[in-house]
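I have placed the structure first, in the form of structure tokens, so that the comments after it can refer back to it.
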Number of protein chains: 2
Amino acid sequence: MVALKQKLEERGLRKTAFRIELLTLFTQTKSSLSIEDIKSSVGKTSDKVTIYRALDAFEKSGLIHRVPDKANLARYALCHNECKPEAHSHNHAHFICTVCDETFCIENVEVPKIHLKQGYKINSSTLTLEGSCPSCQSA
Amino acid sequence: MVALKQKLEERGLRKTAFRIELLTLFTQTKSSLSIEDIKSSVGKTSDKVTIYRALDAFEKSGLIHRVPDKANLARYALCHNECKPEAHSHNHAHFICTVCDETFCIENVEVPKIHLKQGYKINSSTLTLEGSCPSCQSA
DNA sequence: AAATTTATCGCAACTTGGTTGCGTTAGTTT
DNA sequence: AAACTAACGCAACCAAGTTGCGATAAATTT
């Protein structure tokens with residue numbers, strides 16, 4: 001909890017009740033959170049605009065990053081590595097279960113380095129796998 | 001043109017003026033088309049609903065497939081390989097230029113096969129690269 | 001060729017994810 | 001405590017995409 005407030009302070013973000021609650025939610029979540037998820041657990045009291053702006057601020061300051069989502073919706077997860085503002089480094093793949101719509105970070109899989117024809121400058125690369133996860137297999 | 005109408009007929013789609021025009025546009029386009037692109041070249045006369053439904057029908061019948069887009073918008077391209085309804089096979093990477101927002105298919109790059117932990121079933125995998133393309137480099 | 005069938009069209013109205021403007025509230029700094 | 005300004009919250013808005021439904025026009029049947 002203390003470390004959590006520190007994270008906000010380090011980045012020049014204010015320690016409001018809502019933002020602390022939101023960041024806590026992220027630390028307690030194994031995989032990623034959709035806006036839906038967030039709304040249903042901390043959004044009862046806060047306006048959607050507040051949520052969007054907080055997510056935006058968190059992302060800009062390197063606290064969280066966007067992960068892909070089946071329906072092309074926004075989805076976020078905590079940054080594990082050292083992410084600085086304007087330079088997120090998330091070189092891992094994502095697995096999206098098309099049954100339960102969960103998004104999993106595949107930590108131990110590196111996104112292969114691709115080199116393109118001369119002239120292309122690559123800033124980021126994402127490898128997204130779609131299918132069904134173990135719990136949805138058995139169903 | 002003849003082959004084009006045939007494609008529609010083969011899939012049980014009607015050869016309406018609009019759908020022929022739309023399919024022609026796809027064949028004339030090297031990379032991919034956003035809804036914006038489509039609207040501005042064939043959408044003057046047709047309703048957006050018509051466009052969406054035509055794209056939907058084309059995709060379902062394996063004529064075109066969706067490609068990722070920077071802003072998570074829908075974007076489509078012609079199917080090169082043999083795509084059947086319900087079974088698209090597009091094992092190539094996409095490059096999105098974040099300057100001009102163009103999406104390029106990287107034809108000669110295979111999406112590497114990833115094997116996950118037991119229990120995950122992968123239906124499709126997409127490798128998306130973001131950066132700036134040659135023409136936007138020089139600017 | 002006319003009649004029937006049915007895919008496609010096009011308008012209106014709606015839904016959803018997300019944004020903008022702006023006045024108010026509340027951390028933070030002095 | 002006063003001043004400063006990030007963050008909040010409401011309303012209004014926007015854009016992408018969907019749904020319902022009657023009208024139109026291919027394709028098929030007679």
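All residue names refer to the structure tokens as shown: chains lettered A, B, ... in order, residues numbered from 1 in each chain, ligands numbered from 1 in order.
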Output as a PDB file with N, CA, C and O atoms, in the first residue's frame the set of chain A residues within 7 Å of chain B, with distances taken over only C-alpha atoms.
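Listed below is the output, result25.pdb:
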ATOM      1  N   ASN A  72     -11.603  -5.538 -29.933  1.00  0.00           N
ATOM      2  CA  ASN A  72     -10.906  -4.285 -30.219  1.00  0.00           C
ATOM      3  C   ASN A  72     -11.248  -3.197 -29.221  1.00  0.00           C
ATOM      4  O   ASN A  72     -11.218  -2.019 -29.542  1.00  0.00           O
ATOM      5  N   GLY A 119      14.012   1.040 -44.678  1.00  0.00           N
ATOM      6  CA  GLY A 119      13.094   2.175 -44.694  1.00  0.00           C
ATOM      7  C   GLY A 119      11.982   2.078 -43.672  1.00  0.00           C
ATOM      8  O   GLY A 119      11.414   3.078 -43.297  1.00  0.00           O
ATOM      9  N   TYR A 120      11.690   0.880 -43.218  1.00  0.00           N
ATOM     10  CA  TYR A 120      10.670   0.740 -42.194  1.00  0.00           C
ATOM     11  C   TYR A 120      11.313   0.862 -40.814  1.00  0.00           C
ATOM     12  O   TYR A 120      12.324   0.232 -40.543  1.00  0.00           O
ATOM     13  N   LYS A 121      10.711   1.672 -39.978  1.00  0.00           N
ATOM     14  CA  LYS A 121      11.226   1.814 -38.619  1.00  0.00           C
ATOM     15  C   LYS A 121      10.183   1.253 -37.659  1.00  0.00           C
ATOM     16  O   LYS A 121       9.053   1.719 -37.614  1.00  0.00           O
ATOM     17  N   ILE A 122      10.542   0.239 -36.910  1.00  0.00           N
ATOM     18  CA  ILE A 122       9.589  -0.424 -36.021  1.00  0.00           C
ATOM     19  C   ILE A 122       9.708   0.114 -34.611  1.00  0.00           C
ATOM     20  O   ILE A 122      10.778   0.139 -34.032  1.00  0.00           O
ATOM     21  N   ASN A 123       8.609   0.572 -34.084  1.00  0.00           N
ATOM     22  CA  ASN A 123       8.601   1.061 -32.705  1.00  0.00           C
ATOM     23  C   ASN A 123       8.110   0.013 -31.715  1.00  0.00           C
ATOM     24  O   ASN A 123       8.606  -0.072 -30.605  1.00  0.00           O
ATOM     25  N   SER A 124       7.135  -0.754 -32.129  1.00  0.00           N
ATOM     26  CA  SER A 124       6.640  -1.792 -31.232  1.00  0.00           C
ATOM     27  C   SER A 124       6.085  -2.941 -32.050  1.00  0.00           C
ATOM     28  O   SER A 124       5.669  -2.763 -33.193  1.00  0.00           O
ATOM     29  N   SER A 125       6.094  -4.098 -31.463  1.00  0.00           N
ATOM     30  CA  SER A 125       5.517  -5.244 -32.154  1.00  0.00           C
ATOM     31  C   SER A 125       4.720  -6.073 -31.160  1.00  0.00           C
ATOM     32  O   SER A 125       5.117  -6.245 -30.020  1.00  0.00           O
ATOM     33  N   THR A 126       3.557  -6.517 -31.597  1.00  0.00           N
ATOM     34  CA  THR A 126       2.709  -7.304 -30.711  1.00  0.00           C
ATOM     35  C   THR A 126       2.293  -8.589 -31.394  1.00  0.00           C
ATOM     36  O   THR A 126       1.942  -8.586 -32.565  1.00  0.00           O
ATOM     37  N   LEU A 127       2.371  -9.646 -30.645  1.00  0.00           N
ATOM     38  CA  LEU A 127       1.944 -10.941 -31.157  1.00  0.00           C
ATOM     39  C   LEU A 127       0.700 -11.357 -30.392  1.00  0.00           C
ATOM     40  O   LEU A 127       0.725 -11.487 -29.174  1.00  0.00           O
ATOM     41  N   THR A 128      -0.387 -11.492 -31.102  1.00  0.00           N
ATOM     42  CA  THR A 128      -1.648 -11.810 -30.453  1.00  0.00           C
ATOM     43  C   THR A 128      -2.177 -13.152 -30.928  1.00  0.00           C
ATOM     44  O   THR A 128      -2.330 -13.372 -32.126  1.00  0.00           O
ATOM     45  N   LEU A 129      -2.448 -14.017 -29.984  1.00  0.00           N
ATOM     46  CA  LEU A 129      -2.975 -15.333 -30.311  1.00  0.00           C
ATOM     47  C   LEU A 129      -4.430 -15.392 -29.885  1.00  0.00           C
ATOM     48  O   LEU A 129      -4.783 -14.884 -28.824  1.00  0.00           O
ATOM     49  N   GLU A 130      -5.258 -15.997 -30.718  1.00  0.00           N
ATOM     50  CA  GLU A 130      -6.657 -16.164 -30.347  1.00  0.00           C
ATOM     51  C   GLU A 130      -7.020 -17.631 -30.329  1.00  0.00           C
ATOM     52  O   GLU A 130      -6.531 -18.396 -31.137  1.00  0.00           O
ATOM     53  N   GLY A 131      -7.867 -17.978 -29.414  1.00  0.00           N
ATOM     54  CA  GLY A 131      -8.307 -19.360 -29.313  1.00  0.00           C
ATOM     55  C   GLY A 131      -9.101 -19.564 -28.053  1.00  0.00           C
ATOM     56  O   GLY A 131      -9.829 -18.670 -27.648  1.00  0.00           O
ATOM     57  N   SER A 132      -8.963 -20.728 -27.453  1.00  0.00           N
ATOM     58  CA  SER A 132      -9.695 -20.975 -26.215  1.00  0.00           C
ATOM     59  C   SER A 132      -8.734 -21.427 -25.126  1.00  0.00           C
ATOM     60  O   SER A 132      -7.821 -22.187 -25.369  1.00  0.00           O
ATOM     61  N   CYS A 133      -8.988 -20.911 -23.935  1.00  0.00           N
ATOM     62  CA  CYS A 133      -8.099 -21.174 -22.813  1.00  0.00           C
ATOM     63  C   CYS A 133      -8.491 -22.474 -22.113  1.00  0.00           C
ATOM     64  O   CYS A 133      -9.568 -23.011 -22.356  1.00  0.00           O
ATOM     65  N   PRO A 134      -7.613 -22.996 -21.250  1.00  0.00           N
ATOM     66  CA  PRO A 134      -7.861 -24.272 -20.580  1.00  0.00           C
ATOM     67  C   PRO A 134      -9.237 -24.390 -19.947  1.00  0.00           C
ATOM     68  O   PRO A 134      -9.945 -25.374 -20.175  1.00  0.00           O
TER      69      PRO A 134
END
Please tabulate, as CSV, the residues of chain C that come within 9 Å of region 7-28 of chain D, each with its closest pair of atoms and the distance in Å to one decimal, counting only C-alpha atoms (C1' of nucleotides) and ordering rows by chain, then residue number upward.
residue,atom,partner,partner_atom,distance
C:DT4,C1',D:DT28,C1',8.2
C:DT5,C1',D:DT28,C1',7.4
C:DT6,C1',D:DA27,C1',8.5
C:DA7,C1',D:DA26,C1',7.6
C:DT8,C1',D:DA25,C1',8.0
C:DC9,C1',D:DT24,C1',6.9
C:DG10,C1',D:DA23,C1',8.5
C:DA13,C1',D:DT19,C1',8.9
C:DC14,C1',D:DT19,C1',7.8
C:DT15,C1',D:DT18,C1',7.5
C:DT16,C1',D:DG17,C1',8.7
C:DG17,C1',D:DA16,C1',8.9
C:DG18,C1',D:DC14,C1',8.7
C:DT19,C1',D:DC14,C1',7.5
C:DT20,C1',D:DC13,C1',7.7
C:DG21,C1',D:DA12,C1',9.0
C:DT24,C1',D:DC8,C1',8.1
C:DT25,C1',D:DC8,C1',6.9
C:DA26,C1',D:DA7,C1',8.1
C:DG27,C1',D:DA7,C1',8.7
Would you list which chain A residues are within 9 Å of chain D using only C-alpha atoms (C1' of nucleotides), as a PDB file with N, CA, C and O atoms, in the first residue's frame?
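Produced file out.pdb, reproduced below:
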ATOM      1  N   LEU A  13       1.729  12.123  -9.871  1.00  0.00           N
ATOM      2  CA  LEU A  13       0.279  11.958  -9.889  1.00  0.00           C
ATOM      3  C   LEU A  13      -0.243  12.128  -8.470  1.00  0.00           C
ATOM      4  O   LEU A  13       0.402  11.733  -7.500  1.00  0.00           O
ATOM      5  N   ARG A  14      -1.427  12.682  -8.366  1.00  0.00           N
ATOM      6  CA  ARG A  14      -1.970  12.921  -7.034  1.00  0.00           C
ATOM      7  C   ARG A  14      -2.569  11.654  -6.442  1.00  0.00           C
ATOM      8  O   ARG A  14      -3.152  10.842  -7.156  1.00  0.00           O
ATOM      9  N   THR A  16      -5.238  10.523  -5.015  1.00  0.00           N
ATOM     10  CA  THR A  16      -6.660  10.628  -4.686  1.00  0.00           C
ATOM     11  C   THR A  16      -7.190   9.245  -4.331  1.00  0.00           C
ATOM     12  O   THR A  16      -6.625   8.228  -4.730  1.00  0.00           O
ATOM     13  N   SER A  46     -17.479   6.470  -9.295  1.00  0.00           N
ATOM     14  CA  SER A  46     -16.812   7.450 -10.145  1.00  0.00           C
ATOM     15  C   SER A  46     -17.402   7.509 -11.540  1.00  0.00           C
ATOM     16  O   SER A  46     -17.893   6.527 -12.068  1.00  0.00           O
ATOM     17  N   ASP A  47     -17.297   8.647 -12.111  1.00  0.00           N
ATOM     18  CA  ASP A  47     -17.755   8.877 -13.468  1.00  0.00           C
ATOM     19  C   ASP A  47     -16.847   8.159 -14.454  1.00  0.00           C
ATOM     20  O   ASP A  47     -15.665   7.949 -14.200  1.00  0.00           O
ATOM     21  N   VAL A  49     -15.737   9.287 -17.169  1.00  0.00           N
ATOM     22  CA  VAL A  49     -14.698  10.215 -17.616  1.00  0.00           C
ATOM     23  C   VAL A  49     -13.494  10.148 -16.688  1.00  0.00           C
ATOM     24  O   VAL A  49     -12.344  10.142 -17.133  1.00  0.00           O
ATOM     25  N   THR A  50     -13.773  10.076 -15.414  1.00  0.00           N
ATOM     26  CA  THR A  50     -12.703   9.975 -14.423  1.00  0.00           C
ATOM     27  C   THR A  50     -11.878   8.712 -14.654  1.00  0.00           C
ATOM     28  O   THR A  50     -10.643   8.737 -14.592  1.00  0.00           O
ATOM     29  N   ARG A  53      -9.725   9.118 -17.786  1.00  0.00           N
ATOM     30  CA  ARG A  53      -8.603  10.038 -17.582  1.00  0.00           C
ATOM     31  C   ARG A  53      -7.542   9.422 -16.673  1.00  0.00           C
ATOM     32  O   ARG A  53      -6.335   9.622 -16.894  1.00  0.00           O
ATOM     33  N   ALA A  54      -7.979   8.657 -15.707  1.00  0.00           N
ATOM     34  CA  ALA A  54      -7.018   8.001 -14.815  1.00  0.00           C
ATOM     35  C   ALA A  54      -6.211   6.965 -15.589  1.00  0.00           C
ATOM     36  O   ALA A  54      -4.982   6.901 -15.461  1.00  0.00           O
TER      37      ALA A  54
END
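Of the residues under consideration (B:Ala3, B:Ile64, B:Leu55, B:Ile35), B:Leu55 shows the shortest atom-to-atom contact distance to Arg19 (chain B) when counting only C-alpha atoms.
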What is the distance, in Å and to one decimal place, between CA of Asp56 (chain B) and CA of Val67 (chain A)?
->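 Here the two named atoms are 25.7 Å from each other.
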**Prompt:** Please, what distance in Å, to one decimal, runs between CA of Glu21 (chain A) and CA of Lys44 (chain A)?
**Reply:**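 Interatomic distance here is 12.1 Å.
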- Separation of CA of Ile51 (chain A) from CA of Lys7 (chain A) in Å: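 Atom-to-atom, CA of Lys7 (chain A) to CA of Ile51 (chain A), that is 18.1 Å.
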